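Asks: Just one file: upload39.cif, with mmCIF, C-alpha atoms.
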```
data_my_file
#
loop_
_atom_site.label_atom_id
_atom_site.label_comp_id
_atom_site.auth_asym_id
_atom_site.auth_seq_id
_atom_site.Cartn_x
_atom_site.Cartn_y
_atom_site.Cartn_z
CA MET N 473 43.96 130.94 152.24
CA SER N 474 46.31 130.48 155.14
CA PHE N 475 49.84 131.76 155.24
CA ASP N 476 52.34 129.63 153.28
CA ILE N 477 55.38 129.10 155.48
CA ASN N 478 57.50 127.33 152.90
CA GLU N 479 56.97 130.11 150.41
CA TYR N 480 57.88 132.63 153.07
CA TYR N 481 61.01 130.66 154.01
CA SER N 482 62.29 130.44 150.45
CA ARG N 483 61.63 134.15 149.98
CA LEU N 484 63.84 134.86 153.03
CA SER N 485 66.57 132.60 151.77
CA GLY N 486 67.42 134.84 148.83
CA GLY N 487 70.59 136.94 148.79
CA ASP N 488 73.81 136.18 150.58
CA VAL N 489 72.72 133.72 153.27
CA LEU N 490 75.03 132.93 156.19
CA MET N 491 72.62 130.55 157.83
CA ALA N 492 69.09 129.33 157.24
CA PHE N 493 67.19 126.93 159.44
CA LYS N 494 63.64 125.78 160.00
CA GLY N 495 62.72 123.24 162.61
CA SER N 496 62.84 122.65 166.33
CA ILE N 497 64.60 125.37 168.33
CA SER N 498 66.60 123.62 171.05
CA SER N 499 69.53 124.68 173.20
CA GLU N 500 71.88 122.49 171.10
CA LEU N 501 70.55 124.03 167.89
CA ILE N 502 71.27 127.50 169.25
CA SER N 503 74.86 126.49 170.09
CA ASN N 504 75.36 125.09 166.60
CA VAL N 505 73.89 128.12 164.86
CA LEU N 506 76.06 130.50 166.89
CA GLU N 507 79.17 128.54 166.05
CA VAL N 508 78.42 128.47 162.32
CA VAL N 509 77.49 132.14 162.09
CA GLU N 510 80.53 133.17 164.11
CA SER N 511 82.87 131.42 161.69
CA ARG N 512 81.00 132.86 158.70
CA LEU N 513 81.40 136.36 160.15
CA ASP N 514 85.13 135.69 160.44
CA GLU N 515 85.22 134.76 156.76
CA TYR N 516 83.66 138.11 155.90
CA ASP N 517 86.49 139.75 157.81
CA GLU N 518 83.98 142.01 159.53
CA SER N 519 85.17 144.50 162.15
CA SER N 520 84.93 143.20 165.69
CA LYS N 521 82.34 145.87 166.48
CA ILE N 522 79.93 144.65 163.80
CA ARG N 523 80.70 140.99 164.49
CA LYS N 524 79.75 141.50 168.12
CA LYS N 525 76.57 143.37 167.28
CA VAL N 526 75.41 140.66 164.87
CA TYR N 527 76.34 137.94 167.36
CA ASN N 528 74.54 139.66 170.25
CA VAL N 529 71.40 140.27 168.22
CA LEU N 530 71.48 136.67 167.02
CA VAL N 531 71.77 135.34 170.59
CA GLU N 532 68.79 137.42 171.71
CA SER N 533 66.71 136.53 168.64
CA LEU N 534 67.32 132.81 169.05
CA GLN N 535 66.72 132.85 172.77
CA ASN N 536 63.52 134.84 172.28
CA LEU N 537 62.38 132.03 170.00
CA TYR N 538 63.52 129.43 172.52
CA HIS N 539 61.69 131.04 175.44
CA HIS N 540 58.49 132.06 173.71
CA ILE N 541 57.87 129.36 171.18
CA GLU N 542 54.48 127.67 171.32
CA VAL N 543 54.28 123.92 171.63
CA LEU N 544 52.07 123.16 168.65
CA PRO N 545 48.97 120.98 168.86
CA GLU N 546 49.21 117.43 167.52
CA GLY N 547 47.30 118.28 164.38
CA MET N 548 50.08 120.66 163.33
CA GLN N 549 52.94 118.43 164.41
CA LYS N 550 52.51 116.30 161.32
CA GLU N 551 53.76 119.20 159.30
CA PHE N 552 55.96 121.04 161.81
CA ASP N 553 58.35 120.13 164.62
CA ASP N 554 56.81 120.70 168.02
CA LYS N 555 59.02 123.71 168.79
CA PHE N 556 58.98 125.01 165.27
CA GLY N 557 60.83 128.15 164.40
CA ILE N 558 62.59 129.75 161.46
CA LEU N 559 65.89 131.58 161.38
CA VAL N 560 67.65 133.20 158.45
CA VAL N 561 70.79 135.32 158.70
CA SER N 562 71.73 137.11 155.49
CA ARG N 563 73.88 139.93 154.30
CA GLN N 564 72.47 142.34 151.78
CA ASP N 565 73.69 145.72 150.64
CA GLU N 566 75.41 147.26 153.61
CA LYS N 567 73.60 145.39 156.34
CA TYR N 568 73.04 142.10 158.04
CA LYS N 569 69.47 140.90 158.32
CA ILE N 570 68.38 138.50 161.03
CA SER N 571 64.91 137.08 160.44
CA THR N 572 63.06 134.86 162.85
CA GLY N 573 59.61 133.35 162.59
CA ASN N 574 57.39 131.37 164.90
CA PHE N 575 53.76 130.52 165.57
CA ILE N 576 51.94 132.40 168.27
CA THR N 577 48.40 132.00 169.48
CA GLN N 578 45.97 134.65 168.35
CA ASP N 579 45.38 135.97 171.89
CA LYS N 580 49.04 137.06 172.19
CA VAL N 581 49.21 139.03 168.96
CA ASP N 582 48.00 142.36 170.34
CA VAL N 583 50.29 142.34 173.38
CA LEU N 584 53.35 141.61 171.27
CA ARG N 585 52.37 144.12 168.58
CA ASN N 586 51.90 146.84 171.22
CA LYS N 587 55.22 146.01 172.84
CA ILE N 588 57.13 146.27 169.55
CA ASP N 589 55.30 149.45 168.49
CA LYS N 590 56.20 151.00 171.82
CA ILE N 591 59.86 150.04 171.46
CA ASN N 592 59.91 151.39 167.89
CA SER N 593 58.52 154.73 169.06
CA MET N 594 61.24 155.25 171.67
CA SER N 595 64.39 157.35 171.44
CA ARG N 596 67.80 155.94 172.31
CA GLU N 597 67.65 157.52 175.77
CA GLU N 598 64.14 156.17 176.41
CA LEU N 599 65.25 152.67 175.42
CA LYS N 600 68.18 152.92 177.79
CA ASP N 601 65.87 153.94 180.65
CA MET N 602 63.41 151.18 179.81
CA TYR N 603 66.19 148.61 179.73
CA LYS N 604 67.50 149.71 183.11
CA PHE N 605 64.02 149.75 184.61
CA ILE N 606 63.22 146.20 183.48
CA LEU N 607 66.70 145.03 184.52
CA ASN N 608 66.27 146.40 188.01
CA HIS N 609 62.57 145.71 188.65
CA GLN N 610 61.46 142.53 186.92
CA ARG N 611 62.35 139.03 187.95
CA LEU N 612 63.51 136.36 185.52
CA SER N 613 60.85 133.89 184.48
CA GLU N 614 61.36 130.27 185.43
CA LYS N 615 62.53 129.53 181.91
CA GLY N 616 65.12 132.27 182.23
CA GLY N 617 63.61 134.88 179.93
CA GLY N 618 63.76 138.42 181.19
CA GLY N 619 61.57 140.48 178.89
CA LEU N 620 64.66 142.42 177.86
CA GLY N 621 65.49 140.77 174.55
CA LEU N 622 63.62 143.06 172.16
CA VAL N 623 64.65 146.21 174.04
CA ASP N 624 68.27 145.08 173.91
CA ILE N 625 68.05 144.35 170.17
CA ALA N 626 66.55 147.79 169.49
CA ARG N 627 69.24 149.47 171.57
CA LYS N 628 72.14 147.64 169.98
CA THR N 629 71.00 148.02 166.37
CA GLY N 630 69.50 151.51 166.62
CA ASN N 631 66.95 150.33 164.04
CA GLN N 632 63.22 149.72 163.95
CA LEU N 633 62.08 146.18 164.59
CA GLU N 634 60.18 145.18 161.45
CA TYR N 635 57.47 142.60 161.87
CA THR N 636 54.41 140.96 160.40
CA PHE N 637 51.69 138.75 161.82
CA GLU N 638 50.27 136.38 159.22
CA ARG N 639 47.07 134.50 159.95
CA TYR N 640 47.64 130.75 159.78
CA ASP N 641 44.32 129.38 161.04
CA ASP N 642 41.64 130.26 163.58
CA LEU N 643 44.03 129.83 166.50
CA TYR N 644 47.52 130.57 165.20
CA TYR N 645 49.36 133.45 163.64
CA PHE N 646 52.86 133.32 162.23
CA PHE N 647 55.06 136.04 163.69
CA ASN N 648 57.96 137.25 161.57
CA LEU N 649 60.61 139.61 162.93
CA ASP N 650 63.33 141.24 160.82
CA VAL N 651 66.26 142.91 162.55
CA TYR N 652 68.90 144.87 160.70
CA VAL N 653 72.49 145.59 161.72
CA GLU N 654 74.08 148.23 159.55
CA ILE N 655 77.71 147.62 158.64
CA ALA N 656 78.70 151.28 158.43
CA MET N 657 77.98 152.21 162.04
CA MET L 1060 86.46 129.84 203.01
CA GLU L 1061 86.94 127.70 199.98
CA ALA L 1062 87.58 129.33 196.61
CA LEU L 1063 84.98 128.95 193.86
CA SER L 1064 86.42 127.96 190.54
CA ILE L 1065 84.44 127.13 187.40
CA GLU L 1066 85.86 126.43 183.94
CA GLY L 1067 84.42 128.42 181.06
CA THR L 1068 82.35 126.86 178.27
CA ALA L 1069 81.02 128.14 174.92
CA LYS L 1070 77.99 129.56 176.74
CA THR L 1071 79.19 130.20 180.29
CA PRO L 1072 82.11 132.23 181.68
CA SER L 1073 85.06 131.09 183.74
CA VAL L 1074 84.73 132.01 187.40
CA LYS L 1075 87.38 132.46 190.09
CA PHE L 1076 86.25 133.67 193.48
CA ASP L 1077 89.13 133.75 195.97
CA GLY L 1078 88.18 134.73 199.52
CA HIS L 1079 91.80 134.77 200.79
CA GLU L 1080 92.99 137.22 198.16
CA GLY L 1081 89.70 139.12 197.98
CA VAL L 1082 89.67 138.77 194.21
CA ILE L 1083 86.58 137.88 192.24
CA GLU L 1084 86.76 137.21 188.51
CA ILE L 1085 84.18 136.49 185.81
CA LYS L 1086 85.56 136.13 182.29
CA GLY L 1087 84.41 134.97 178.87
CA ARG L 1088 80.92 134.49 177.50
CA SER L 1089 77.71 134.38 179.43
CA ILE L 1090 74.93 133.38 177.05
CA PRO L 1091 73.11 130.36 178.54
CA GLU L 1092 69.37 130.02 177.84
CA ASN L 1093 68.75 129.81 181.56
CA SER L 1094 71.28 131.74 183.57
CA ILE L 1095 69.71 131.33 187.03
CA GLU L 1096 71.17 127.86 187.45
CA PHE L 1097 74.67 129.00 186.54
CA TYR L 1098 74.72 132.09 188.78
CA LYS L 1099 73.15 130.50 191.87
CA PRO L 1100 76.45 129.19 193.35
CA LEU L 1101 78.11 132.56 192.68
CA VAL L 1102 75.47 134.46 194.63
CA GLU L 1103 75.59 131.86 197.42
CA TRP L 1104 79.39 132.10 197.64
CA LEU L 1105 79.15 135.90 197.97
CA GLU L 1106 76.47 135.53 200.62
CA GLU L 1107 78.92 133.48 202.70
CA TYR L 1108 81.87 135.78 201.91
CA SER L 1109 79.85 138.82 203.05
CA GLY L 1110 80.01 137.44 206.60
CA THR L 1111 83.80 137.99 206.82
CA PRO L 1112 84.98 139.99 203.82
CA LEU L 1113 88.53 141.33 203.44
CA ASP L 1114 89.09 145.09 203.79
CA LEU L 1115 89.32 145.34 200.02
CA THR L 1116 87.55 143.18 197.44
CA GLN L 1117 88.63 143.55 193.81
CA VAL L 1118 86.11 142.43 191.22
CA ASN L 1119 87.21 141.82 187.63
CA VAL L 1120 84.46 141.40 185.05
CA GLN L 1121 85.76 140.74 181.56
CA LEU L 1122 82.96 139.53 179.34
CA GLU L 1123 83.09 139.16 175.60
CA TYR L 1124 79.34 138.60 175.31
CA PHE L 1125 76.46 138.36 177.71
CA ASN L 1126 72.79 137.85 177.00
CA THR L 1127 69.83 139.57 178.64
CA SER L 1128 69.09 136.49 180.73
CA SER L 1129 72.57 136.81 182.28
CA SER L 1130 72.24 140.56 182.72
CA LYS L 1131 69.77 140.12 185.58
CA CYS L 1132 71.92 137.50 187.29
CA ILE L 1133 74.98 139.74 186.98
CA LEU L 1134 72.93 142.45 188.67
CA ASP L 1135 72.18 140.01 191.50
CA VAL L 1136 75.93 139.39 191.90
CA PHE L 1137 76.55 143.15 191.97
CA LYS L 1138 73.78 143.64 194.56
CA LYS L 1139 75.59 141.22 196.86
CA LEU L 1140 78.77 143.22 196.33
CA GLU L 1141 76.89 146.42 197.06
CA ALA L 1142 75.80 144.98 200.41
CA ILE L 1143 79.44 144.15 201.22
CA HIS L 1144 80.52 147.65 200.18
CA LYS L 1145 77.84 149.19 202.42
CA GLY L 1146 79.52 147.50 205.38
CA LYS L 1147 83.08 148.30 206.43
CA SER L 1148 84.69 146.57 203.48
CA GLU L 1149 85.68 148.34 200.30
CA VAL L 1150 84.67 146.92 196.91
CA ILE L 1151 85.90 147.99 193.48
CA ILE L 1152 84.42 146.63 190.25
CA ASN L 1153 86.80 146.67 187.29
CA TRP L 1154 84.67 146.45 184.14
CA TYR L 1155 86.76 145.45 181.13
CA TYR L 1156 85.68 146.08 177.55
CA GLU L 1157 87.44 145.62 174.26
CA GLU L 1158 88.54 148.58 172.20
CA ASP L 1159 85.59 149.92 170.13
CA ASP L 1160 83.06 147.80 172.01
CA GLU L 1161 80.81 150.70 172.95
CA ASP L 1162 77.93 148.35 173.75
CA MET L 1163 79.97 146.64 176.45
CA LEU L 1164 81.14 149.98 177.86
CA GLU L 1165 77.54 151.18 177.93
CA ALA L 1166 76.43 147.97 179.66
CA GLY L 1167 79.00 148.67 182.38
CA GLU L 1168 77.73 152.22 182.72
CA ASP L 1169 74.16 150.91 183.10
CA TYR L 1170 75.27 148.83 186.08
CA GLU L 1171 77.32 151.68 187.47
CA SER L 1172 74.20 153.87 187.53
CA ILE L 1173 72.17 151.22 189.39
CA ILE L 1174 74.73 149.82 191.86
CA ARG L 1175 76.36 151.95 194.55
CA VAL L 1176 79.86 150.52 194.22
CA PRO L 1177 82.78 152.32 192.52
CA PHE L 1178 83.32 151.10 188.96
CA LYS L 1179 86.48 151.42 186.94
CA MET L 1180 86.00 151.13 183.17
CA ILE L 1181 89.08 149.56 181.64
CA GLU L 1182 89.58 149.46 177.88
CA ILE L 1183 91.53 146.47 176.59
CA VAL L 1184 93.74 147.63 173.74
CA GLU L 1185 94.98 144.90 171.43
#
```
Take the structure I supplied and represent it as structure tokens, if you would.

Replies:
Amino acid sequence: MSFDINEYYSRLSGGDVLMAFKGSISSELISNVLEVVESRLDEYDESSKIRKKVYNVLVESLQNLYHHIEVLPEGMQKEFDDKFGILVVSRQDEKYKISTGNFITQDKVDVLRNKIDKINSMSREELKDMYKFILNHQRLSEKGGGGLGLVDIARKTGNQLEYTFERYDDLYYFFNLDVYVEIAM
Amino acid sequence: MEALSIEGTAKTPSVKFDGHEGVIEIKGRSIPENSIEFYKPLVEWLEEYSGTPLDLTQVNVQLEYFNTSSSKCILDVFKKLEAIHKGKSEVIINWYYEEDDEDMLEAGEDYESIIRVPFKMIEIVE
């Protein structure tokens, strides 16, 4: 049986949700989400340090989706928007959780998995060096992505990037990424 | 040369490049999805300014947020400034960060370690 995205989405939407969205990830959507989450963070009266961390991680997570999302084949567009992605921002216990999900083609799974495993294995100093190396040596892609997003998220949160790849059909997997920002930092 | 002045938006910073005063300012948020487009005129302006720079160029960078797409373009701006500094003209980069914003301080230190221009880290205390 293939992965049930709606079930997964409703599972994410438990707890204290600041923002939940599934659909097409556009530049306008990103602006709207940022505005809503920013005002929700104000309501929580969070320290500016944590507010900024959550906001930064959210920007990178959304823009990762925006830059890397697959345009789905027509057969899937009946069920999903063509730039389909999921975003849920919630607060649970003493942390904020930012979850994103998107389809990726099967051939990209290993590269992405290896990249995240490598980031997760690195110390703070190693992440800093990796960030500076990519910053100084790699060009921006035409779409504007820089390959720095995940490294930046890992550096700013100091936490492991938690992920799953769920098989959807012969061609597609659904990639889920959970990022945590601890409030007592 | 003509000054470069751009109003800030929710996703892009305000920009004031003044060749007569030798003061260059970038302030606000820099989080566009594609930053190349936004930063192109800034790099071009600096290219022209580098022909006849003042003896001292003061650079004020006061960003609340910037994304990783912008981080590379900001480096391009700093590389232009580094070229000016290598000539006879002096350049100082004032990197402002809000109190407790260690991430922004660290971002400034990252640039400082890559770019051969003197940086001054300035904490904004509310």

Asks: Find the residues in chain L near chain N: any atom within 6 Å counts, using all atoms listed in the file. Write them as a PyMOL selection string.

Replies: chain L and resi 1093+1127-1128+1131+1160

Asks: Once the PyMOL selection byres ((chain N and resi 558) around 10) is applied to the coordinates I shared, what remains selected? I want it as JSON, numbers by chain.

Replies: {"N": [477, 481, 484, 492, 493, 494, 495, 496, 497, 534, 537, 556, 557, 559, 560, 571, 572, 573, 574, 575, 648]}

Asks: Taking the file as I've supplied it (selection: the PyMOL selection byres ((chain L and resi 1133) around 12)), which residues are included? Please answer as an NGL selection string.

Replies: (:N and (607-608)) or (:L and (1072 or 1085 or 1089-1090 or 1094-1095 or 1097-1099 or 1101-1102 or 1120 or 1122 or 1125-1132 or 1134-1140 or 1166-1167 or 1169-1170 or 1174))

Asks: Determine the residue set returned by the PyMOL selection byres ((chain N and resi 512) around 12) for the present structure, and present it as a PyMOL selection string.

Replies: chain N and resi 488-491+505-511+513-518+523+526-527+561-563

Asks: Extract, using only C-alpha atoms, all DNA, RNA and protein residues at most 12 Å from Gly1110 of chain L, discarding same-chain residues fewer than 6 positions from it, and format them as a VMD selection string.

Replies: chain L and resid 1060 1078 1103 to 1104 1139 to 1140 1142 to 1143 1146 to 1148

Asks: Let me know the centre plus edge lengths, in Å and rounded to one decimal, of a box with edges along x, y and z that contains all listed atoms of segment 634-652 of chain N and is padded by 5 Å on every side, as JSON.

Replies:
```
{"center_x": 55.3, "center_y": 137.3, "center_z": 162.9, "size_x": 37.3, "size_y": 25.8, "size_z": 17.3}
```

Asks: Would you mind reading off the distance between atom CA of Ile1152 of chain L and atom CA of Leu599 of chain N, one decimal, in Å?

Replies: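 Straight-line distance from atom CA of Ile1152 of chain L to atom CA of Leu599 of chain N works out to 25.0 Å.
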
Asks: Pick the closest to Gln564 of chain N from N:Ala656, N:Gly487, N:Phe647, N:Ala626: which is it, counting all atoms listed in the file?

Replies: N:Gly487

Asks: Considering all atoms listed in the file, state which residue in the set N:Ser533, N:Arg639, N:Val651, N:Phe552 is at the smallest distance from Asn592 of chain N.

Replies: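 That would be N:Val651, the residue with the smallest distance to Asn592 of chain N.
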
Asks: Within 7 Å of Val653 of chain N, counting only C-alpha atoms, which residues qualify if same-chain residues fewer than 5 places away don't, as a PyMOL selection string?

Replies: chain N and resi 526+567-569+629

Asks: Atom CA of Glu1161 of chain L and atom CA of Glu1182 of chain L are how many Å apart?

Replies: 10.1 Å

Asks: Please determine, counting all atoms listed in the file, which residue among L:Glu1107, L:Glu1123, L:Glu1171, L:Glu1141 has the shortest atom-to-atom distance to Glu1158 of chain L.

Replies: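 Closest to Glu1158 of chain L of all the choices is L:Glu1123.
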
Asks: Check the smallest atom-to-atom distance from each of N:Lys587, N:Asn504, N:Lys550, N:Glu566 to Ala1069 of chain L using only C-alpha atoms, then report the winner.

Replies: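 Going through N:Lys587, N:Asn504, N:Lys550, N:Glu566 one by one, the smallest distance to Ala1069 of chain L is for N:Asn504.
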
Asks: May I ask for the distance between atom CA of Val1176 of chain L and atom CA of Gly1067 of chain L, given in Å to one decimal place?

Replies: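 Between atom CA of Val1176 of chain L and atom CA of Gly1067 of chain L the gap works out to 26.1 Å.
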